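Below is one structure, written out as structure tokens; comments come after it.
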Amino acid sequence: MNTIQTLLSIAVCLFAGLMMTRVLKRLHLPDVTAYLIAGVVIGTYCIGRFVVGGFSFGFNNEVSPVGSFTIISDIALGFIAFDIGNEFRVKDLRHTGKQATVIGIVQAVTATLVVDAVLVGVHFLLIALTGVDYLPLPACILLGAIASATAPAATLMVVRQYKAKGPLTDLLLPIVALDDAVGLILFAVSMGVAKALHGGELSVVSVLVEPMLEILLSLLLGAVLGFFLSFVERAFHSNSNRLALMITFVFLTVALAMLHFEINGVHIGFSSLLTCMMLGTVFCNVCKTSEEMMQRTEKWTKPLFVLFFVISGASLDLTVFKEPVFILIGVIYILFRSVGKIVGSFSSAKLMRCDENTVRYLGVTLLPQAGVALGMVSTVGADSVFGGSTIGSTVRFVVLFGVLIYEILGPMMTKWALTKAGDITEKPQGISARVIDPHHLEKEGNS
């Protein structure tokens with residue numbers, strides 16, 4: 001893909017995403033949903049199919065493949081994780097840390113167990129009814145683990161857009177961040193169990209050692225870089241230079257987190273989300289000016305996040321609707337993952353004596369699913385045991401179908417839950433609205 005086509009694709013992404021927010025404004029949908037729908041419109045199944053003069057005004061597999069823009073997604077997820085690290089300030093965690101930890105673990109494990117149990121039942125039912133093993137047992141176990149993952153990007157964008165603030169929001173972001181660590185462990189254990197069911201051996205190294213090393217090394221790398229950023233930041237007094245330094249360190253952290261190597265048969269890797277999250281956590285707790293700098297970062301990253309979600313929408317595979325049996329399995333996966341998340345959140349929030357609104361609506365805010373889950377699918381697809389088998393294709397199909405539904409509906413449901421909980425309140429929009437706002441007039445009069 002040449003430079004002209006690359007720049008054209010980026011411009012079309014930004015324009016389509018922004019214009020779609022205007023189109024859907026009357027429906028009061030979150031901007032994230034508009035960006036995702038814009039991505040579908042300019043994707044390979046709609047506008048992207050057409051090529052004019054050798055150029056595509058969308059994403060075309062031959063002229064402008066959406067896969068060539070993965071670097072934008074990697075960087076955007078790095079900034080999202082860095083921003084979520086801001087929610088782990090020690091002064092705030094004294095009040096919510098224990099609650100977030102317990103709820104984060106319980107809701108993830110509950111979702112995995114519920115999906116595992118139901119899909120195993122569907123496995124035997126489909127064999128009894130059709131005589132065909134459409135849903136192998138290893139696929140059931142893998143799908144259960146993937147069900148634990150929650151998308152931090154969509155949740156953070158909804159919180160940002162509506163400036164949500166309250167008990168539910170204070171708990172939500174740390175829980176979403178914890179999902180990455182819990183999901184990694186559950187997925188690694190499930191991979192080992194699935195391989196054993198497929199005729200392999202249950203390896204302690206792959207099930208326990210490697211995932212724990214990945215989590216610990218990711219946190220260690222993020223902490224070291226966070227302290228280094230906080231130290232170097234003191235040498236700069238200009239806010240613009242400090243902002244440039246923060247951006248530099250997020251890019252550096254994303255790059256280092258991509259390193260993978262092997263020592264004595266043990267695979268060593270890092271989680272980009274965990275590493276960038278730890279970078280943000282250490283920086284926000286060590287640097288005295290971090291709160292002001294994080295606000296400045298939010299303005300810089302807005303176009304990046306628009307690109308990220310439009311590209312995510314364009315990446316959604318609409319061919320998942322071709323197989324009726326797998327659509328049925330996908331619907332079951334979506335329903336019972338939702339049940340697991342909601343029941344797990346409700347019971348654990350009740351146990352931790354959270355306020356009533358948090359108990360009622362927390363589970364709904366944890367339904368969006370995308371980046372981490374797709375990363376797990378990629379791991380299954382690249383695995384030597386499952387990659388070329390029906391197990392890998394089944395997992396990919398079901399999760400892609402789930403992501404398609406969750407990405408479109410998830411942000412709307414998150415907004416609804418935060419509104420019902422009282423964390424989102426209606427505010428005047430734009431200059432004209434501020435002029436007619438009586439509180440604004442009162443302030444103007446006083447000034």
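In the structure tokens, chains take the letters A, B, ... in the order shown, each chain's residues start at 1, and ligands count up from 1 in the order shown.
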Within 9 Å of stretch 359-363 of chain A, which residues of stretch 258-345 of chain A come that close, and what is the closest atom pair and distance in Å for each? Count only C-alpha atoms and give it as a Markdown table.
```
| residue | atom | partner | partner_atom | distance |
| --- | --- | --- | --- | --- |
| A:Ser338 | CA | A:Gly363 | CA | 8.0 |
| A:Val339 | CA | A:Gly363 | CA | 8.7 |
| A:Gly340 | CA | A:Gly363 | CA | 8.8 |
| A:Lys341 | CA | A:Gly363 | CA | 5.5 |
| A:Ile342 | CA | A:Gly363 | CA | 4.0 |
| A:Val343 | CA | A:Gly363 | CA | 7.3 |
| A:Gly344 | CA | A:Gly363 | CA | 7.6 |
| A:Ser345 | CA | A:Gly363 | CA | 5.1 |
```
I need the chosen residues saved as an mmCIF file, in the first residue's frame, with N, CA and C atoms.
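again_3.cif was written with the following content:
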```
data_model
loop_
_atom_site.group_PDB
_atom_site.id
_atom_site.type_symbol
_atom_site.label_atom_id
_atom_site.label_comp_id
_atom_site.auth_asym_id
_atom_site.auth_seq_id
_atom_site.Cartn_x
_atom_site.Cartn_y
_atom_site.Cartn_z
ATOM 1 N N SER A 338 -23.028 -12.973 29.238
ATOM 2 C CA SER A 338 -23.695 -11.840 29.891
ATOM 3 C C SER A 338 -24.243 -12.252 31.252
ATOM 4 N N VAL A 339 -24.847 -13.435 31.310
ATOM 5 C CA VAL A 339 -25.365 -13.943 32.583
ATOM 6 C C VAL A 339 -24.231 -14.088 33.594
ATOM 7 N N GLY A 340 -23.110 -14.668 33.168
ATOM 8 C CA GLY A 340 -21.975 -14.859 34.066
ATOM 9 C C GLY A 340 -21.418 -13.546 34.589
ATOM 10 N N LYS A 341 -21.274 -12.567 33.698
ATOM 11 C CA LYS A 341 -20.759 -11.258 34.105
ATOM 12 C C LYS A 341 -21.702 -10.574 35.095
ATOM 13 N N ILE A 342 -22.997 -10.583 34.773
ATOM 14 C CA ILE A 342 -23.974 -9.879 35.607
ATOM 15 C C ILE A 342 -24.139 -10.564 36.960
ATOM 16 N N VAL A 343 -24.271 -11.898 36.960
ATOM 17 C CA VAL A 343 -24.433 -12.642 38.216
ATOM 18 C C VAL A 343 -23.170 -12.536 39.071
ATOM 19 N N GLY A 344 -22.003 -12.682 38.442
ATOM 20 C CA GLY A 344 -20.750 -12.587 39.185
ATOM 21 C C GLY A 344 -20.550 -11.218 39.792
ATOM 22 N N SER A 345 -20.867 -10.172 39.015
ATOM 23 C CA SER A 345 -20.730 -8.800 39.521
ATOM 24 C C SER A 345 -21.742 -8.513 40.625
#
```
Spatial neighbours of A:Thr21, max dist 6 Å, only C-alpha atoms, sep filter under 3 positions, as a PDB file with N, CA and C atoms, in the first residue's frame:
```pdb
ATOM      1  N   LEU A  18     -16.219  10.860  12.503  1.00  0.00           N
ATOM      2  CA  LEU A  18     -16.770  12.108  13.025  1.00  0.00           C
ATOM      3  C   LEU A  18     -18.155  12.405  12.450  1.00  0.00           C
ATOM      4  N   LEU A  24     -25.878   9.970  14.030  1.00  0.00           N
ATOM      5  CA  LEU A  24     -26.519   9.222  15.109  1.00  0.00           C
ATOM      6  C   LEU A  24     -26.777  10.057  16.362  1.00  0.00           C
ATOM      7  N   LYS A  25     -26.503  11.359  16.265  1.00  0.00           N
ATOM      8  CA  LYS A  25     -26.659  12.220  17.436  1.00  0.00           C
ATOM      9  C   LYS A  25     -28.085  12.200  17.972  1.00  0.00           C
ATOM     10  N   ASP A  31     -20.499   7.961  21.161  1.00  0.00           N
ATOM     11  CA  ASP A  31     -19.638   8.167  19.995  1.00  0.00           C
ATOM     12  C   ASP A  31     -18.941   6.879  19.580  1.00  0.00           C
ATOM     13  N   ALA A  34     -20.921   5.041  17.117  1.00  0.00           N
ATOM     14  CA  ALA A  34     -20.888   5.716  15.819  1.00  0.00           C
ATOM     15  C   ALA A  34     -19.591   5.397  15.075  1.00  0.00           C
TER      16      ALA A  34
END
```
Non-local contacts of A:Glu214 (10 Å; only C-alpha atoms; under 5 positions in same chain excluded) as a ChimeraX atom specification: /A:181,184-185,209,219-220,267-271,274-275
Contacts of stretch 410-424 of chain A within 10 Å, only C-alpha atoms, excl. fewer than 4 positions in-chain, as JSON, numbers by chain: {"A": [28, 29, 30, 31, 32, 33, 34, 151, 153, 154, 155, 156, 157, 158, 159, 161, 162, 163, 164, 165, 166, 167, 168, 169, 170, 172, 355, 356, 357, 358, 359, 360, 361, 362, 363, 364, 365, 366, 367, 368, 369, 403, 404, 405, 406]}
Between atom CA of A:Thr3 and atom CA of A:Ala16, distance in Å (one decimal):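 So the two atoms, atom CA of A:Thr3 and atom CA of A:Ala16, lie 19.8 Å apart.
With atom CA of A:Leu245 on one side and atom CA of A:Thr6 on the other, the separation reads 26.7 Å.
Candidate residues A:Thr281, A:Ser56, A:Thr390, A:Asn264 were compared for distance to A:Gly222, and the nearest is A:Thr281, using only C-alpha atoms.
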Members of stretch 205-445 of chain A assigned helix (DSSP H, G or I) by DSSP, as a VMD selection string: chain A and resid 205 to 233 239 to 257 272 to 286 290 to 315 318 to 322 324 to 351 356 to 365 371 to 382 390 to 420 430 to 436 438 to 445
Selection near A:Pro174, 9 Å with only C-alpha atoms, sequence-local residues under 5 positions removed, as a PyMOL selection string: chain A and resi 84-85+87-88+96-97+100-101+104+179
Best match for closeness to A:Val325 among A:Val282, A:Val377, A:Leu351, A:Val398, counting only C-alpha atoms: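 Checking each of A:Val282, A:Val377, A:Leu351, A:Val398 against A:Val325, counting only C-alpha atoms, the winner is A:Val398.
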